[in-house]
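Chemist: Sharing protein-v4.cif below, mmCIF, C-alpha atoms:
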data_work
loop_
_atom_site.label_atom_id
_atom_site.label_comp_id
_atom_site.auth_asym_id
_atom_site.auth_seq_id
_atom_site.Cartn_x
_atom_site.Cartn_y
_atom_site.Cartn_z
CA MET A 1 90.05 101.96 100.67
CA ARG A 2 92.88 102.94 98.33
CA LEU A 3 96.52 102.25 99.08
CA ILE A 4 99.70 103.10 97.23
CA LEU A 5 102.76 100.85 97.38
CA ALA A 6 105.79 103.09 97.90
CA THR A 7 108.39 101.09 96.02
CA HIS A 8 110.10 101.25 92.64
CA ASN A 9 111.21 97.63 92.87
CA PRO A 10 108.86 95.52 90.69
CA ASP A 11 109.74 92.27 92.49
CA LYS A 12 108.97 93.69 95.87
CA ARG A 13 105.79 95.24 94.53
CA LYS A 14 104.59 91.93 93.13
CA GLU A 15 105.06 90.28 96.50
CA LEU A 16 103.46 93.06 98.52
CA GLU A 17 100.52 93.08 96.15
CA ALA A 18 100.01 89.31 96.23
CA ILE A 19 100.09 89.17 100.04
CA LEU A 20 97.84 92.19 100.43
CA ARG A 21 95.26 90.88 97.95
CA ALA A 22 95.18 87.51 99.70
CA GLU A 23 94.77 89.08 103.14
CA MET A 24 92.40 91.94 102.35
CA ASP A 25 89.98 90.03 100.16
CA GLY A 26 88.96 92.78 97.74
CA THR A 27 88.52 95.49 100.38
CA VAL A 28 91.48 97.54 99.12
CA GLU A 29 92.35 99.05 95.77
CA ILE A 30 96.12 98.89 95.31
CA LEU A 31 97.95 101.58 93.36
CA THR A 32 101.65 101.71 92.57
CA LEU A 33 104.20 104.38 91.67
CA ASP A 34 103.49 103.46 88.01
CA ASP A 35 99.96 104.81 88.49
CA ILE A 36 101.11 107.95 90.31
CA PRO A 37 104.80 108.73 89.81
CA VAL A 38 106.65 110.60 92.56
CA GLY A 39 110.18 112.01 92.77
CA GLU A 40 113.20 109.92 93.76
CA ILE A 41 113.31 109.02 97.47
CA GLU A 42 116.75 108.57 98.99
CA GLU A 43 117.04 105.83 101.60
CA THR A 44 119.28 107.70 104.00
CA GLY A 45 118.12 105.97 107.19
CA GLU A 46 120.37 103.98 109.51
CA THR A 47 117.69 101.41 110.27
CA LEU A 48 115.02 99.50 108.37
CA GLU A 49 112.40 101.37 110.40
CA ASP A 50 113.79 104.73 109.36
CA ASN A 51 113.92 103.89 105.66
CA ALA A 52 110.43 102.39 105.63
CA LEU A 53 109.04 105.45 107.43
CA LEU A 54 110.90 107.81 105.12
CA LYS A 55 109.42 106.18 102.00
CA ALA A 56 105.86 105.80 103.29
CA ARG A 57 105.80 109.41 104.50
CA ALA A 58 107.28 110.88 101.34
CA VAL A 59 104.81 109.08 99.09
CA PHE A 60 101.84 109.89 101.34
CA GLU A 61 102.85 113.55 101.46
CA GLU A 62 103.23 113.76 97.69
CA THR A 63 100.11 111.79 96.69
CA GLY A 64 97.73 112.19 99.64
CA ILE A 65 96.99 108.47 99.34
CA PRO A 66 97.62 106.09 102.27
CA ALA A 67 101.09 104.71 101.56
CA VAL A 68 102.76 101.39 102.35
CA ALA A 69 106.53 100.99 102.22
CA ASP A 70 108.81 98.07 102.92
CA ASP A 71 112.44 98.07 103.92
CA THR A 72 114.11 94.72 104.15
CA GLY A 73 117.50 93.54 105.33
CA LEU A 74 119.42 90.33 105.64
CA GLU A 75 121.44 90.12 108.86
CA VAL A 76 124.19 87.53 108.76
CA LYS A 77 125.59 86.53 112.14
CA ALA A 78 129.14 85.72 111.02
CA LEU A 79 129.31 89.15 109.34
CA GLY A 80 128.24 91.01 112.49
CA GLY A 81 124.76 91.70 111.11
CA ALA A 82 125.87 92.84 107.63
CA PRO A 83 124.60 93.58 105.04
CA GLY A 84 121.55 94.65 107.11
CA VAL A 85 120.14 98.01 106.08
CA TYR A 86 122.57 98.04 103.14
CA SER A 87 121.36 94.70 101.69
CA ALA A 88 120.12 96.15 98.39
CA ARG A 89 123.45 97.92 97.72
CA TYR A 90 125.88 95.50 99.36
CA ALA A 91 128.02 95.21 96.23
CA GLY A 92 127.67 98.94 95.52
CA GLU A 93 125.02 101.50 94.55
CA GLY A 94 122.68 99.99 91.96
CA ALA A 95 124.21 96.52 92.30
CA THR A 96 122.38 93.57 90.71
CA TYR A 97 120.91 90.83 92.87
CA GLU A 98 123.59 88.47 91.52
CA ALA A 99 126.44 90.80 92.48
CA ASN A 100 125.09 91.12 96.03
CA VAL A 101 124.70 87.35 96.39
CA ARG A 102 128.22 86.82 95.02
CA LYS A 103 129.69 89.26 97.50
CA LEU A 104 127.81 87.66 100.38
CA LEU A 105 129.09 84.18 99.52
CA GLN A 106 132.62 85.51 99.12
CA GLU A 107 132.55 87.27 102.48
CA LEU A 108 131.26 84.14 104.20
CA GLY A 109 133.67 81.78 102.45
CA GLY A 110 133.48 78.22 103.72
CA THR A 111 132.53 79.06 107.33
CA GLU A 112 130.01 76.72 108.94
CA GLU A 113 128.53 79.56 110.97
CA ARG A 114 125.82 80.44 108.45
CA GLN A 115 122.95 81.68 110.64
CA ALA A 116 121.08 84.64 109.19
CA SER A 117 117.85 86.56 109.71
CA PHE A 118 115.69 88.08 107.01
CA ILE A 119 113.79 91.07 108.36
CA SER A 120 111.07 93.19 106.75
CA VAL A 121 109.73 96.39 108.19
CA ILE A 122 106.48 97.71 106.75
CA ALA A 123 105.56 101.34 107.39
CA PHE A 124 102.08 102.65 106.78
CA CYS A 125 101.21 106.32 106.62
CA GLU A 126 97.66 107.58 106.10
CA ILE A 127 97.59 110.59 108.39
CA GLU A 128 100.15 113.37 108.53
CA LYS A 129 102.59 112.95 111.45
CA GLU A 130 101.41 109.43 112.22
CA ALA A 131 102.73 106.08 111.13
CA GLN A 132 102.37 102.41 111.88
CA ILE A 133 105.23 99.98 111.84
CA PHE A 134 105.08 96.20 111.43
CA ARG A 135 108.08 93.90 111.56
CA GLY A 136 108.47 90.35 110.29
CA GLU A 137 111.53 88.16 110.93
CA VAL A 138 112.61 84.75 109.75
CA HIS A 139 115.65 83.02 111.20
CA GLY A 140 117.48 80.69 108.82
CA LYS A 141 120.84 80.17 107.22
CA ILE A 142 122.87 81.00 104.13
CA ALA A 143 123.36 78.24 101.54
CA TYR A 144 126.88 77.49 100.21
CA GLU A 145 125.72 78.26 96.68
CA PRO A 146 122.63 79.73 94.97
CA ARG A 147 119.71 77.33 94.39
CA GLY A 148 116.35 77.90 92.70
CA THR A 149 114.92 80.46 90.31
CA ASN A 150 111.88 81.92 92.09
CA GLY A 151 111.83 85.09 94.12
CA PHE A 152 114.53 87.77 93.94
CA GLY A 153 117.40 89.33 95.86
CA TYR A 154 119.05 86.96 98.30
CA ASP A 155 116.29 84.33 97.88
CA PRO A 156 118.59 81.79 96.10
CA VAL A 157 120.88 81.61 99.15
CA PHE A 158 118.45 82.01 102.07
CA ILE A 159 117.22 78.76 103.66
CA PRO A 160 114.35 79.66 106.00
CA GLY A 161 114.41 76.29 107.82
CA GLU A 162 110.64 75.95 107.34
CA PRO A 163 109.68 74.02 105.23
CA GLY A 164 112.71 71.75 104.96
CA ASP A 165 116.06 72.60 103.47
CA ARG A 166 114.96 74.53 100.35
CA THR A 167 116.01 78.10 99.68
CA TYR A 168 113.35 80.80 99.28
CA ALA A 169 114.04 80.61 95.52
CA GLU A 170 113.07 76.94 95.54
CA LEU A 171 109.66 77.65 97.09
CA SER A 172 106.58 78.62 95.10
CA PRO A 173 105.60 82.28 95.59
CA GLU A 174 102.66 81.12 97.74
CA GLU A 175 104.87 78.94 99.93
CA LYS A 176 107.37 81.75 100.38
CA ASN A 177 104.76 84.41 101.18
CA GLU A 178 103.06 82.19 103.71
CA ASN A 179 106.07 82.03 106.04
CA SER A 180 108.40 84.76 104.84
CA HIS A 181 109.66 87.84 106.69
CA ARG A 182 107.64 90.03 104.32
CA GLY A 183 104.57 87.82 104.65
CA LYS A 184 104.70 88.07 108.45
CA ALA A 185 105.05 91.85 108.46
CA MET A 186 102.29 92.23 105.87
CA ARG A 187 99.91 90.02 107.82
CA LEU A 188 100.37 92.19 110.93
CA PHE A 189 99.63 95.18 108.71
CA ALA A 190 96.54 93.50 107.24
CA LYS A 191 95.25 92.77 110.74
CA PHE A 192 95.70 96.44 111.59
CA LEU A 193 93.84 97.49 108.43
CA HIS A 194 90.97 95.14 109.23
CA SER A 195 90.61 96.68 112.69
CA GLN A 196 90.58 100.16 111.12
CA LEU A 197 87.84 99.14 108.69
CA VAL A 198 85.71 97.96 111.62
CA VAL A 199 86.01 101.43 113.15
CA GLU A 200 85.03 103.10 109.88
CA GLN A 201 81.88 101.01 109.64
CA HIS A 202 80.61 102.12 113.05
CA MET B 1 93.44 99.65 129.69
CA ARG B 2 96.83 99.84 131.42
CA LEU B 3 99.77 101.77 129.99
CA ILE B 4 103.32 102.20 131.14
CA LEU B 5 105.29 105.39 130.49
CA ALA B 6 108.75 104.37 129.29
CA THR B 7 110.77 107.24 130.71
CA HIS B 8 113.04 107.85 133.70
CA ASN B 9 112.70 111.62 133.37
CA PRO B 10 110.23 112.83 136.04
CA ASP B 11 109.52 116.12 134.21
CA LYS B 12 108.67 114.35 130.99
CA ARG B 13 106.58 111.82 132.87
CA LYS B 14 104.57 114.52 134.61
CA GLU B 15 103.74 116.11 131.27
CA LEU B 16 102.90 112.87 129.49
CA GLU B 17 100.67 111.88 132.40
CA ALA B 18 98.84 115.21 132.53
CA ILE B 19 98.13 115.22 128.79
CA LEU B 20 97.08 111.57 128.74
CA ARG B 21 94.73 111.97 131.71
CA ALA B 22 93.10 115.01 130.13
CA GLU B 23 92.64 113.27 126.77
CA MET B 24 91.66 109.78 127.91
CA ASP B 25 89.17 110.77 130.61
CA GLY B 26 89.72 107.93 133.08
CA THR B 27 89.79 105.13 130.49
CA VAL B 28 93.47 104.34 131.09
CA GLU B 29 95.46 103.38 134.16
CA ILE B 30 98.93 104.91 133.88
CA LEU B 31 101.95 103.13 135.32
CA THR B 32 105.52 104.37 135.38
CA LEU B 33 108.98 102.84 135.67
CA ASP B 34 108.72 103.58 139.42
CA ASP B 35 105.91 101.03 139.61
CA ILE B 36 107.72 98.44 137.50
CA PRO B 37 111.47 99.06 137.23
CA VAL B 38 113.28 97.87 134.12
CA GLY B 39 116.98 97.82 133.19
CA GLU B 40 118.80 100.80 131.69
CA ILE B 41 117.83 101.53 128.07
CA GLU B 42 120.50 103.14 125.91
CA GLU B 43 119.31 105.72 123.38
CA THR B 44 121.54 104.68 120.53
CA GLY B 45 119.24 105.76 117.68
CA GLU B 46 120.13 108.33 115.05
CA THR B 47 116.59 109.72 114.91
CA LEU B 48 113.85 110.63 117.36
CA GLU B 49 111.73 107.86 115.82
CA ASP B 50 114.42 105.26 116.46
CA ASN B 51 114.95 106.25 120.08
CA ALA B 52 111.24 106.40 120.84
CA LEU B 53 110.71 102.96 119.24
CA LEU B 54 113.70 101.53 121.07
CA LYS B 55 112.39 102.65 124.47
CA ALA B 56 108.75 101.66 123.91
CA ARG B 57 109.75 98.22 122.62
CA ALA B 58 112.26 97.51 125.38
CA VAL B 59 109.78 98.39 128.12
CA PHE B 60 106.93 96.47 126.47
CA GLU B 61 109.14 93.41 126.04
CA GLU B 62 110.30 93.52 129.64
CA THR B 63 106.95 94.26 131.30
CA GLY B 64 104.33 92.90 128.87
CA ILE B 65 102.39 96.14 129.42
CA PRO B 66 101.53 98.46 126.50
CA ALA B 67 104.34 101.01 126.58
CA VAL B 68 104.52 104.69 125.59
CA ALA B 69 107.84 106.42 124.99
CA ASP B 70 108.73 109.94 123.97
CA ASP B 71 111.84 111.21 122.27
CA THR B 72 112.12 114.92 121.83
CA GLY B 73 114.55 117.18 120.05
CA LEU B 74 115.09 120.87 119.48
CA GLU B 75 116.22 121.66 115.93
CA VAL B 76 117.82 125.06 115.58
CA LYS B 77 118.09 126.37 112.03
CA ALA B 78 121.25 128.44 112.45
CA LEU B 79 122.96 125.38 113.94
CA GLY B 80 122.05 123.12 111.03
CA GLY B 81 119.39 121.27 113.02
CA ALA B 82 121.48 120.75 116.18
CA PRO B 83 121.10 119.73 118.94
CA GLY B 84 118.30 117.54 117.47
CA VAL B 85 118.41 113.94 118.65
CA TYR B 86 121.23 114.92 121.06
CA SER B 87 119.20 117.65 122.80
CA ALA B 88 119.24 115.99 126.24
CA ARG B 89 123.03 115.56 126.19
CA TYR B 90 124.06 118.63 124.20
CA ALA B 91 126.53 119.81 126.85
CA GLY B 92 127.70 116.23 127.50
CA GLU B 93 126.38 112.93 128.89
CA GLY B 94 124.21 113.59 131.96
CA ALA B 95 124.29 117.37 131.41
CA THR B 96 121.87 119.52 133.42
CA TYR B 97 119.10 121.47 131.69
CA GLU B 98 120.97 124.67 132.56
CA ALA B 99 124.21 123.49 130.98
CA ASN B 100 122.40 122.56 127.76
CA VAL B 101 120.63 125.92 127.61
CA ARG B 102 123.90 127.75 128.28
CA LYS B 103 125.64 125.88 125.49
CA LEU B 104 122.78 126.59 123.09
CA LEU B 105 122.86 130.33 123.80
CA GLN B 106 126.66 130.37 123.46
CA GLU B 107 126.57 128.57 120.11
CA LEU B 108 123.92 130.96 118.78
CA GLY B 109 125.61 134.10 120.11
CA GLY B 110 123.91 137.28 119.00
CA THR B 111 122.64 136.02 115.64
CA GLU B 112 119.19 137.21 114.62
CA GLU B 113 118.47 133.96 112.83
CA ARG B 114 116.79 132.26 115.81
CA GLN B 115 114.21 129.99 114.17
CA ALA B 116 113.86 126.62 115.87
CA SER B 117 111.49 123.65 115.93
CA PHE B 118 110.60 121.57 118.94
CA ILE B 119 109.68 118.03 117.90
CA SER B 120 108.29 115.15 119.93
CA VAL B 121 107.94 111.62 118.67
CA ILE B 122 105.73 109.28 120.68
CA ALA B 123 106.07 105.55 120.11
CA PHE B 124 103.48 103.09 121.34
CA CYS B 125 104.05 99.36 121.54
CA GLU B 126 101.36 96.95 122.69
CA ILE B 127 101.93 93.99 120.37
CA GLU B 128 105.25 92.32 119.62
CA LYS B 129 106.73 93.48 116.29
CA GLU B 130 104.22 96.32 115.90
CA ALA B 131 104.47 99.94 116.84
CA GLN B 132 102.67 103.22 116.31
CA ILE B 133 104.41 106.52 115.85
CA PHE B 134 102.99 110.00 116.42
CA ARG B 135 104.86 113.22 115.79
CA GLY B 136 104.21 116.72 117.08
CA GLU B 137 106.06 119.82 115.90
CA VAL B 138 106.07 123.44 116.96
CA HIS B 139 107.94 126.09 115.02
CA GLY B 140 109.22 129.01 117.06
CA LYS B 141 112.42 130.78 117.99
CA ILE B 142 115.15 130.86 120.61
CA ALA B 143 115.12 133.73 123.13
CA TYR B 144 118.30 135.74 123.75
CA GLU B 145 118.21 134.76 127.42
CA PRO B 146 116.25 132.35 129.65
CA ARG B 147 112.85 133.56 130.88
CA GLY B 148 110.33 131.87 133.18
CA THR B 149 110.40 129.08 135.73
CA ASN B 150 107.83 126.56 134.53
CA GLY B 151 108.52 123.49 132.41
CA PHE B 152 111.98 121.98 131.98
CA GLY B 153 114.79 121.46 129.49
CA TYR B 154 114.95 124.19 126.86
CA ASP B 155 111.57 125.65 127.91
CA PRO B 156 113.08 128.92 129.29
CA VAL B 157 114.52 129.79 125.85
CA PHE B 158 111.88 128.43 123.44
CA ILE B 159 109.28 130.94 122.24
CA PRO B 160 106.53 129.00 120.45
CA GLY B 161 105.00 132.07 118.79
CA GLU B 162 101.56 131.03 119.98
CA PRO B 163 100.40 132.56 122.32
CA GLY B 164 102.39 135.77 122.09
CA ASP B 165 106.05 136.26 122.86
CA ARG B 166 106.34 134.21 126.06
CA THR B 167 108.73 131.27 126.39
CA TYR B 168 107.36 127.81 127.22
CA ALA B 169 108.63 128.40 130.77
CA GLU B 170 106.42 131.48 131.06
CA LEU B 171 103.27 129.54 130.17
CA SER B 172 101.21 127.59 132.70
CA PRO B 173 101.54 123.80 132.30
CA GLU B 174 98.02 123.72 130.82
CA GLU B 175 98.82 126.49 128.32
CA LYS B 176 102.03 124.73 127.29
CA ASN B 177 100.44 121.29 126.92
CA GLU B 178 97.59 122.65 124.85
CA ASN B 179 99.85 123.78 122.00
CA SER B 180 103.18 122.12 122.61
CA HIS B 181 105.09 119.63 120.44
CA ARG B 182 104.48 116.96 123.09
CA GLY B 183 100.81 117.89 123.44
CA LYS B 184 100.29 117.57 119.69
CA ALA B 185 101.97 114.17 119.48
CA MET B 186 100.09 112.91 122.54
CA ARG B 187 96.74 114.04 121.16
CA LEU B 188 97.35 112.07 117.96
CA PHE B 189 98.17 109.11 120.18
CA ALA B 190 95.04 109.60 122.27
CA LYS B 191 92.94 109.68 119.11
CA PHE B 192 94.49 106.39 118.06
CA LEU B 193 93.78 104.86 121.49
CA HIS B 194 90.16 106.00 121.34
CA SER B 195 89.72 104.30 117.95
CA GLN B 196 91.26 101.11 119.38
CA LEU B 197 88.85 101.18 122.33
CA VAL B 198 85.92 101.40 119.90
CA VAL B 199 87.15 98.22 118.20
CA GLU B 200 87.48 96.43 121.54
CA GLN B 201 83.89 97.26 122.45
CA HIS B 202 82.46 95.63 119.33
#
What's the structure tokens form of this structure?
Modeler:
Amino acid sequence: MRLILATHNPDKRKELEAILRAEMDGTVEILTLDDIPVGEIEETGETLEDNALLKARAVFEETGIPAVADDTGLEVKALGGAPGVYSARYAGEGATYEANVRKLLQELGGTEERQASFISVIAFCEIEKEAQIFRGEVHGKIAYEPRGTNGFGYDPVFIPGEPGDRTYAELSPEEKNENSHRGKAMRLFAKFLHSQLVVEQH
Amino acid sequence: MRLILATHNPDKRKELEAILRAEMDGTVEILTLDDIPVGEIEETGETLEDNALLKARAVFEETGIPAVADDTGLEVKALGGAPGVYSARYAGEGATYEANVRKLLQELGGTEERQASFISVIAFCEIEKEAQIFRGEVHGKIAYEPRGTNGFGYDPVFIPGEPGDRTYAELSPEEKNENSHRGKAMRLFAKFLHSQLVVEQH
């Protein structure tokens, strides 16, 4: 089957693609918005679920190709769950990863209460007026300063707890994807796709 | 399989049950919150999708039984989409159906722009961190005064256009369910359940 990844973020796309290829073993052809451009999609939702649904639906409606979208947020306990659904624009619309990380560390200051959850919601839309939602969560903590050069976004300051005390940015892409919030959500999605393929074959 | 209907509204439950029984032909056992009571669930979402997900998830998490929830809204064009997600409490928290209908007719006054859409979103949760969403829409108009005694909620003032000029409340339950917003969403859900049952049998 063909799928289109409903994201303009090349880092996110790389990760979604790597996880999906590993899980689906050649049974899916993966397209991106580079292959089939669509208009700008505004993320106006109040929740990760809403934004993921909004993107998957818009791209499916415009392209007619089963669409996969991801919305991801970092919820920091000491900040009452912020930046949450606003993680990508925490330091302002179009903010760089570095600016967001800087703001996060500033807001937290030296507090020892550094618990945080990284949450990905994957929405899948292949039939009009239907959607599937898959959620992956990892509970960890925020480092006192950025460490590592892999990954993107808040990866240099998120310590997932497993494995060890490294940040996401200090893990190899394979190590990160294996246990990450996005990896978990995508594996639930892959399991769903596999069950659908069984139906198609009968 | 067993399902639990995640709603305290007896009118909604009756409709969900009737549609599900007709579509699933004895393959599901349907429980309600009367059979297994759960705590109060607050509908704090900003969208129908959010509220439906919230209810289905809460009931699944508390009972361990695959849960079906419905959130429904009436979007009236001349009112900028209101009452929408607030349809059940348009005239205030705990408002009666009659009070909501009265407020709607007052707000609209004599305007001839009476287009409205009735939208149901069904959420289904049977696995932690996964959910399915099904949406049914009917485009119609608002009557100038209530007509008919069947159904509930805004049924006496919603004219679906098909069949004819009757309000939902002037249709038999079977006629309403066949073409209604809730009937459409539930049939998408039933189709999904059927495909799942095929997988289970192999």
Chemist: Selected by the PyMOL selection byres ((chain A) within 6 of (chain B)) in the shown coordinates: which residues, as a JSON list (two decimals) with C-alpha atoms, in the frame of the given file?
Modeler:
[["chain", "number", "residue", "atom", "x", "y", "z"],
["A", 129, "LYS", "CA", 102.59, 112.95, 111.45],
["A", 130, "GLU", "CA", 101.41, 109.43, 112.22],
["A", 131, "ALA", "CA", 102.73, 106.08, 111.13],
["A", 132, "GLN", "CA", 102.37, 102.41, 111.88],
["A", 133, "ILE", "CA", 105.23, 99.98, 111.84],
["A", 134, "PHE", "CA", 105.08, 96.20, 111.43],
["A", 135, "ARG", "CA", 108.08, 93.90, 111.56]]
Chemist: Could you name the residues that touch A:Tyr168 at 8 Å or less, counting all atoms listed in the file, but leaving out those on the same chain fewer than 3 positions away, as an MDAnalysis selection string?
Modeler: chainID A and resid 148 150:151 155:160 171 176
Chemist: Kindly extract all protein, DNA and RNA residues lying within 6 Å of the coordinates (111.4, 104.9, 124.3) given in the file, considering only C-alpha atoms, and supply them as a VMD selection string.
Modeler: chain B and resid 6 51 to 56 69 to 70
Chemist: Write out, as a PDB file, keeping the file's coordinate frame, the residues just selected, with C-alpha atoms.
Modeler:
ATOM      1  CA  ALA B   6     108.750 104.370 129.290  1.00  0.00           C
ATOM      2  CA  ASN B  51     114.950 106.250 120.080  1.00  0.00           C
ATOM      3  CA  ALA B  52     111.240 106.400 120.840  1.00  0.00           C
ATOM      4  CA  LEU B  53     110.710 102.960 119.240  1.00  0.00           C
ATOM      5  CA  LEU B  54     113.700 101.530 121.070  1.00  0.00           C
ATOM      6  CA  LYS B  55     112.390 102.650 124.470  1.00  0.00           C
ATOM      7  CA  ALA B  56     108.750 101.660 123.910  1.00  0.00           C
ATOM      8  CA  ALA B  69     107.840 106.420 124.990  1.00  0.00           C
ATOM      9  CA  ASP B  70     108.730 109.940 123.970  1.00  0.00           C
TER      10      ASP B  70
END
Chemist: Neighbouring residues of B:Tyr97 were defined as those with any atom within 9 Å, considering all atoms listed in the file; residues of the same chain fewer than 6 positions away were excluded. Please report them as a VMD selection string.
Modeler: chain B and resid 88 to 89 152 to 154
Chemist: Produce the centre coordinates and the three edge lengths, each in Å to one decimal, of the box along x, y and z that contains all listed atoms of stretch 28-38 of chain A with 3 Å added on each side, as AutoDock Vina command-line options.
Modeler:
--center_x 99.1 --center_y 104.1 --center_z 93.6 --size_x 21.2 --size_y 19.1 --size_z 17.1
Chemist: Determine the nearest neighbour of B:Ser87 from the options B:Glu62, B:Asp11, B:Glu43, B:Glu113, counting only C-alpha atoms.
Modeler: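 The shortest atom-to-atom distance to B:Ser87 comes from B:Glu43.
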Chemist: Exactly which residues make up the result of the PyMOL selection byres ((chain A and resi 1) around 8) on this file, given as a list in words?
Modeler: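 Those residues are Arg2, Leu3, Thr27, Val28 and Glu29 of chain A.
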Chemist: By how many Å are atom CA of B:Val76 and atom CA of B:Leu105 apart?
Modeler: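 Between atom CA of B:Val76 and atom CA of B:Leu105 the gap is 11.0 Å.
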Chemist: Work out how far atom CA of B:Phe60 is from atom CA of B:Asp25, in Å to one decimal.
Modeler: 23.2 Å
Chemist: Anything within 12 Å of (111.4, 100.4, 90.4): list those residues as a PyMOL selection string, counting only C-alpha atoms and sticking to the file's coordinates.
Modeler: chain A and resi 5-14+32-34+37-41+94
Chemist: On this structure, which residues satisfy the PyMOL selection byres ((chain A and resi 79) around 10), written as a PyMOL selection string?
Modeler: chain A and resi 75-78+80-84+104+107-108+113-116
Chemist: Between atom CA of A:Tyr144 and atom CA of A:Ile19, what distance in Å does the model show, to one decimal?
Modeler: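 If I compute the distance from atom CA of A:Tyr144 to atom CA of A:Ile19, I get 29.2 Å.
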Chemist: Between A:Asn179, A:Thr111, A:Asn100, A:Gln106, single out the one closest to A:Leu74, counting only C-alpha atoms.
Modeler: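 Of A:Asn179, A:Thr111, A:Asn100, A:Gln106, the one nearest A:Leu74 is A:Asn100, counting only C-alpha atoms.
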Chemist: Check the smallest atom-to-atom distance from each of B:Ala22, B:Met186, B:Gly140, B:Ser172 to B:Ser120 using only C-alpha atoms, then report the winner.
Modeler: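 Closest to B:Ser120, using only C-alpha atoms: B:Met186.
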Chemist: What's the 9 Å shell around B:Glu23, counting all atoms listed in the file, without same-chain residues fewer than 5 positions away, as JSON, numbers by chain?
Modeler: {"B": [18, 186, 187, 190, 191]}
Chemist: Considering all atoms listed in the file, state which residue in the set A:Ala143, A:Pro163, A:Met24, A:Gly73 is at the smallest distance from A:Glu175.
Modeler: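 Distance minimum relative to A:Glu175 lands on A:Pro163.
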